[in-house]
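Trainee: Structure in structure tokens, see below.
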Amino acid sequence: MTELAALPVVGVCGYSGSGKTTLLVHLVPLLRRQGLSVLVVKHDAHGLEVDRPGKDTALLFAAGAEVLARDAVQSFARGHVGDDTSLASLVSRASAWHDVILVEGHKDVALPVKIWLRRTANDAPPSSVGRPALDLGRDENRLEQAERLVVAHLAATQRRLPLLGGIVLGGAPTPARGARSGRPGVRAPGLRAEQRRLRFGLTAAVRALAPLVERVLLLGDGAGGRSQPGLARLPTVSGHAGPVAAVLAALRWQPRARWLLLDCASPLASTAALRCLLAAARPGRWAILARAGADAPVAPFPCLLDGRLADPLEELGGLDALATHVRAQIVVVPVGRPHRVRTNSR
């Protein structure tokens with residue numbers, strides 16, 4: 001139960017003939033219309049028949065291979081039972097690509113939420129099932145109650161995910177001590193202004209982000225982190241550069257989390273804007289992106305990203321491409337005042 005408790009899993013249980021498959025056939029389209037990706041895990045106590053003997057895929061499977069067959073509209077994976085094919089292991093891996101996992105059968109497995117379906121009024125759930133969240137007879141509105149339960153469970157599962165904050169440090173690294181204005185003992189005015197801008201922007205970003213998240217981390221190889229010595233910095237992901245490397249570092253470090261990300265320069269980096277992103281979050285939305293107006297371009301920061309976006313982001317190769325992702329939502333957020341730094345210091 002410990003492994004499955006944090007995952008978006010709902011079991012549909014009942015004796016043979018209780019209507020499990022019928023309920024799922026009608027429930028899945030309702031969830032799909034809400035933008036959710038649905039996986040159904042089916043238990044068959046009588047053994048699986050998934051391929052005709054003599055077909056190429058059957059021959060390859062019999063030879064010991066794991067088989068992935070696909071055509072233009074579907075794919076099918078067939079694997080051998082092994083040490084890592086427990087229900088908890090399979091569901092945990094599948095949750096990286098699906099918003100909700102519906103388990104048909106497996107009534108004796110300790111799932112976080114179960115729906116029990118009765119064939120007759122006397123079909124009470126056995127003690128091995130535990131206390132189901134719903135115990136439904138045939139004369140009840142099973143579909144409506146099941147949909148409401150699944151959606152509520154997904155929302156609760158999302159709320160339990162850690163909400164972490166990351167500040168992407170961009171720009172060139174701080175120049176070495178020897179960078180001078182040309183006069184002995186005097187630093188270049190432009191360098192001083194840039195250093196103050198970075199410090200001011202980072203401080204403002206921390207103040208905007210810290211009240212909303214469990215922890216704030218610094219991301220990227222850019223300058224400015226020295227003004228916040230109490231914040232840890234994640235190393236960037238090799239093979240990538242710029243903000244993508246910084247964001248991937250966060251998503252890879254904690255994939256089972258939601259990340260509220262911003263940089264130090266965006267005029268959208270305010271507490272009000274961040275609250276807009278959080279208010280738009282719901283199951284099925286892995287990226288909440290911001291723009292200043294209905295006709296304004298989508299900004300890379302701030303954004304709210306699901307940790308499962310690491311692989312898609314690496315394939316897309318850039319933060320801008322996230323706006324086209326099927327799991328992305330774009331919201332209009334308020335524009336804050338730009339950071340202003342005085343340059344005439346002595």
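Following the order of the structure tokens, chains are lettered A, B, ..., residues in each are numbered from 1, and ligands are numbered from 1.
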Looking only at alpha helix (DSSP H) from DSSP on the backbone, list the matching residues of range 54-130 of chain A as a list in words.

Mentor: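 In range 54-130 of chain A, DSSP puts these residues in alpha helix (DSSP H): Asp56, Thr57, Ala58, Leu59, Leu60, Phe61, Ala62, Leu87, Ala88, Ser89, Leu90, Val91, Ser92, Arg93 and Ala94 of chain A.
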
Trainee: Using only C-alpha atoms, which protein or nucleic acid residues come within 12 Å of His106 in chain A? Drop anything in the same chain fewer than 5 positions from it, and give the result as a list in words.

Mentor: Val10, Gly11, Val12, Cys13, Gly14, Tyr15, Lys20, Val41, Lys42, His43, Asp44, Ala45, Ser86, Leu87, Ala88, Leu111, Lys114, Ile115, Trp116, Ser128 and Val129 of chain A

Trainee: Would you save the residues of that selection, restricted to C-alpha atoms, as a short mmCIF file (atom, residue, chain, number, x, y, z; two decimals), in the first residue's frame?

Mentor:
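Result file part_0.cif:
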data_model
loop_
_atom_site.label_atom_id
_atom_site.label_comp_id
_atom_site.auth_asym_id
_atom_site.auth_seq_id
_atom_site.Cartn_x
_atom_site.Cartn_y
_atom_site.Cartn_z
CA VAL A 10 -8.46 3.47 -8.30
CA GLY A 11 -9.52 -0.18 -8.09
CA VAL A 12 -12.81 -1.46 -9.51
CA CYS A 13 -13.59 -4.74 -7.76
CA GLY A 14 -16.39 -7.26 -7.60
CA TYR A 15 -17.19 -10.87 -8.27
CA LYS A 20 -16.67 -4.13 -13.71
CA VAL A 41 -4.84 -2.66 -15.62
CA LYS A 42 -6.88 -5.82 -16.08
CA HIS A 43 -6.46 -8.97 -14.03
CA ASP A 44 -7.36 -12.27 -15.68
CA ALA A 45 -7.21 -15.26 -13.37
CA SER A 86 4.40 -6.71 -9.26
CA LEU A 87 1.30 -4.56 -9.52
CA ALA A 88 2.95 -1.82 -7.48
CA LEU A 111 -5.08 -0.11 -3.35
CA LYS A 114 -11.53 0.91 -4.28
CA ILE A 115 -15.00 0.72 -5.79
CA TRP A 116 -16.93 -2.45 -4.97
CA SER A 128 -9.78 -8.91 2.16
CA VAL A 129 -11.11 -5.97 0.15
#

Trainee: Using only C-alpha atoms for the distances, tell me which of A:Gly79, A:Gly166, A:Pro255, A:Gly137 is nearest to Ala310 in chain A.

Mentor: A:Pro255

Trainee: In Å, with one decimal, what is the gap from CA of Val216 in chain A to CA of Leu202 in chain A?

Mentor: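 So the answer is 11.5 Å.
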
Trainee: Give the answer as one residue: which of A:Leu248, A:Ala280, A:Leu268, A:Val9 has the shortest atom-to-atom distance to Gly318 in chain A, using only C-alpha atoms?

Mentor: A:Leu248

Trainee: Would you please work out which residue, of A:Ser95, A:Thr57, A:Ser16, A:Asn141, is nearest to Val40 in chain A when using only C-alpha atoms?

Mentor: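 Selected residue with least distance to Val40 in chain A: A:Ser95.
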
Trainee: Give me the residues near Gln254 in chain A as a list in words, where near means some atom within 12 Å (using only C-alpha atoms) and where sequence neighbours in that chain fewer than 2 positions away do not count.

Mentor: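 In the requested form, the answer reads Leu161, Pro162, Leu163, Leu164, Gly165, Gly166, Leu217, Leu234, Val247, Leu248, Ala249, Ala250, Leu251, Arg252, Arg256, Ala257, Arg258, Trp259, Leu305, Asp306, Gly307, Arg308, Leu309 and Ala310 of chain A.
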
Trainee: Using DSSP on the backbone, list every residue of range 268-342 of chain A that comes out as strand (DSSP E), and give them as a PyMOL selection string.

Mentor: chain A and resi 287-291+298-306+328-332

Trainee: Quick one: write out the picked residues with C-alpha atoms as a PDB file, in the first residue's frame?

Mentor:
ATOM      1  CA  ALA A 287       2.571  22.469 -17.745  1.00  0.00           C
ATOM      2  CA  ILE A 288       0.936  25.769 -16.783  1.00  0.00           C
ATOM      3  CA  LEU A 289       2.549  28.571 -18.779  1.00  0.00           C
ATOM      4  CA  ALA A 290       2.151  32.346 -18.556  1.00  0.00           C
ATOM      5  CA  ARG A 291       1.558  35.233 -20.920  1.00  0.00           C
ATOM      6  CA  VAL A 298       4.087  32.760 -24.060  1.00  0.00           C
ATOM      7  CA  ALA A 299       6.905  33.437 -21.607  1.00  0.00           C
ATOM      8  CA  PRO A 300       9.291  30.652 -20.578  1.00  0.00           C
ATOM      9  CA  PHE A 301       9.062  31.876 -16.965  1.00  0.00           C
ATOM     10  CA  PRO A 302       7.289  31.740 -14.641  1.00  0.00           C
ATOM     11  CA  CYS A 303       5.783  28.294 -15.161  1.00  0.00           C
ATOM     12  CA  LEU A 304       4.376  25.393 -13.183  1.00  0.00           C
ATOM     13  CA  LEU A 305       5.714  22.035 -14.392  1.00  0.00           C
ATOM     14  CA  ASP A 306       4.973  18.457 -13.453  1.00  0.00           C
ATOM     15  CA  ALA A 328       0.061  22.380 -21.476  1.00  0.00           C
ATOM     16  CA  GLN A 329      -2.306  25.178 -20.479  1.00  0.00           C
ATOM     17  CA  ILE A 330      -1.580  28.871 -21.011  1.00  0.00           C
ATOM     18  CA  VAL A 331      -2.975  31.473 -18.616  1.00  0.00           C
ATOM     19  CA  VAL A 332      -2.865  35.266 -18.588  1.00  0.00           C
TER      20      VAL A 332
END

Trainee: So what do you get for CA of Arg215 in chain A versus CA of Gln158 in chain A, distance-wise?

Mentor: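 CA of Gln158 in chain A lies 17.3 Å from CA of Arg215 in chain A.
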
Trainee: Residues within 12 Å of Val150 in chain A, please, as a VMD selection string. Count only C-alpha atoms; anything in the same chain fewer than 2 positions from it doesn't count.

Mentor: chain A and resid 8 to 12 24 27 to 28 30 to 31 34 36 38 99 to 103 112 to 115 133 to 134 143 to 148 152 to 157 283

Trainee: With N, CA and C atoms retained, could you export that selection as a tab-separated table (two decimals), in the first residue's frame?

Mentor:
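Everything below was put into again.tsv:
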chain	number	residue	atom	x	y	z
A	8	PRO	N	-2.06	7.90	-8.51
A	8	PRO	CA	-3.46	8.11	-8.89
A	8	PRO	C	-4.11	6.80	-9.35
A	9	VAL	N	-4.35	5.89	-8.40
A	9	VAL	CA	-4.84	4.55	-8.69
A	9	VAL	C	-6.21	4.36	-8.05
A	10	VAL	N	-7.13	3.81	-8.82
A	10	VAL	CA	-8.46	3.47	-8.30
A	10	VAL	C	-8.78	2.04	-8.74
A	11	GLY	N	-9.15	1.19	-7.78
A	11	GLY	CA	-9.52	-0.18	-8.09
A	11	GLY	C	-11.02	-0.33	-8.29
A	12	VAL	N	-11.41	-1.13	-9.27
A	12	VAL	CA	-12.81	-1.46	-9.51
A	12	VAL	C	-12.94	-2.97	-9.30
A	24	LEU	N	-16.17	0.39	-16.54
A	24	LEU	CA	-14.95	0.99	-17.07
A	24	LEU	C	-15.13	1.46	-18.51
A	27	LEU	N	-16.81	4.69	-18.15
A	27	LEU	CA	-16.09	5.68	-17.33
A	27	LEU	C	-14.90	6.27	-18.08
A	28	VAL	N	-14.18	5.45	-18.82
A	28	VAL	CA	-12.97	5.93	-19.50
A	28	VAL	C	-13.25	7.11	-20.43
A	30	LEU	N	-15.49	9.41	-20.25
A	30	LEU	CA	-15.76	10.61	-19.45
A	30	LEU	C	-14.46	11.22	-18.93
A	31	LEU	N	-13.53	10.39	-18.51
A	31	LEU	CA	-12.25	10.90	-18.02
A	31	LEU	C	-11.40	11.44	-19.16
A	34	GLN	N	-12.05	14.97	-20.10
A	34	GLN	CA	-11.48	15.95	-19.18
A	34	GLN	C	-9.99	16.15	-19.40
A	36	LEU	N	-7.66	13.75	-19.51
A	36	LEU	CA	-6.86	12.82	-18.72
A	36	LEU	C	-6.42	11.63	-19.56
A	38	VAL	N	-5.65	7.79	-19.49
A	38	VAL	CA	-6.16	6.71	-18.65
A	38	VAL	C	-5.51	5.39	-19.03
A	99	ASP	N	-2.34	9.88	-16.25
A	99	ASP	CA	-2.90	10.68	-15.16
A	99	ASP	C	-3.68	9.84	-14.17
A	100	VAL	N	-4.32	8.80	-14.65
A	100	VAL	CA	-5.11	7.95	-13.77
A	100	VAL	C	-4.96	6.51	-14.22
A	101	ILE	N	-4.89	5.60	-13.24
A	101	ILE	CA	-4.75	4.17	-13.50
A	101	ILE	C	-5.92	3.47	-12.83
A	102	LEU	N	-6.75	2.81	-13.63
A	102	LEU	CA	-7.90	2.08	-13.14
A	102	LEU	C	-7.56	0.60	-13.14
A	103	VAL	N	-7.66	-0.04	-11.99
A	103	VAL	CA	-7.29	-1.44	-11.85
A	103	VAL	C	-8.57	-2.26	-11.76
A	112	PRO	N	-5.13	2.29	-2.88
A	112	PRO	CA	-5.52	3.46	-2.08
A	112	PRO	C	-7.02	3.73	-2.09
A	113	VAL	N	-7.70	3.48	-3.22
A	113	VAL	CA	-9.14	3.71	-3.34
A	113	VAL	C	-9.73	2.53	-4.11
A	114	LYS	N	-10.86	2.02	-3.60
A	114	LYS	CA	-11.53	0.91	-4.28
A	114	LYS	C	-13.02	1.20	-4.44
A	115	ILE	N	-13.56	0.71	-5.55
A	115	ILE	CA	-15.00	0.72	-5.79
A	115	ILE	C	-15.45	-0.74	-5.83
A	133	ALA	N	-14.26	2.71	-0.94
A	133	ALA	CA	-14.78	4.08	-0.94
A	133	ALA	C	-16.21	4.12	-1.43
A	134	LEU	N	-16.56	3.21	-2.34
A	134	LEU	CA	-17.93	3.09	-2.83
A	134	LEU	C	-18.32	1.63	-2.82
A	143	LEU	N	-22.03	5.04	-12.66
A	143	LEU	CA	-21.13	5.85	-13.49
A	143	LEU	C	-20.90	7.23	-12.88
A	144	GLU	N	-21.96	7.89	-12.47
A	144	GLU	CA	-21.82	9.23	-11.91
A	144	GLU	C	-21.00	9.22	-10.63
A	145	GLN	N	-21.28	8.26	-9.75
A	145	GLN	CA	-20.56	8.19	-8.48
A	145	GLN	C	-19.09	7.82	-8.69
A	146	ALA	N	-18.84	6.91	-9.63
A	146	ALA	CA	-17.45	6.51	-9.89
A	146	ALA	C	-16.65	7.66	-10.47
A	147	GLU	N	-17.24	8.39	-11.42
A	147	GLU	CA	-16.52	9.53	-12.00
A	147	GLU	C	-16.20	10.57	-10.94
A	148	ARG	N	-17.16	10.88	-10.10
A	148	ARG	CA	-16.94	11.87	-9.06
A	148	ARG	C	-15.83	11.43	-8.10
A	152	ALA	N	-12.09	13.32	-7.69
A	152	ALA	CA	-11.72	13.81	-6.37
A	152	ALA	C	-10.41	13.17	-5.90
A	153	HIS	N	-10.23	11.89	-6.19
A	153	HIS	CA	-8.99	11.22	-5.79
A	153	HIS	C	-7.79	11.76	-6.54
A	154	LEU	N	-7.96	12.05	-7.84
A	154	LEU	CA	-6.86	12.62	-8.61
A	154	LEU	C	-6.47	13.99	-8.07
A	155	ALA	N	-7.46	14.82	-7.74
A	155	ALA	CA	-7.16	16.14	-7.20
A	155	ALA	C	-6.44	16.04	-5.87
A	156	ALA	N	-6.86	15.10	-5.01
A	156	ALA	CA	-6.20	14.91	-3.72
A	156	ALA	C	-4.78	14.40	-3.90
A	157	THR	N	-4.59	13.50	-4.86
A	157	THR	CA	-3.24	12.99	-5.14
A	157	THR	C	-2.32	14.10	-5.62
A	283	PRO	N	-5.56	18.04	-12.42
A	283	PRO	CA	-5.08	16.78	-13.01
A	283	PRO	C	-5.18	16.80	-14.52

Trainee: One decimal, Å: what's the distance from CA of Gly201 in chain A over to CA of Val244 in chain A, could you say?

Mentor: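 Interatomic distance, CA of Gly201 in chain A to CA of Val244 in chain A: 20.1 Å.
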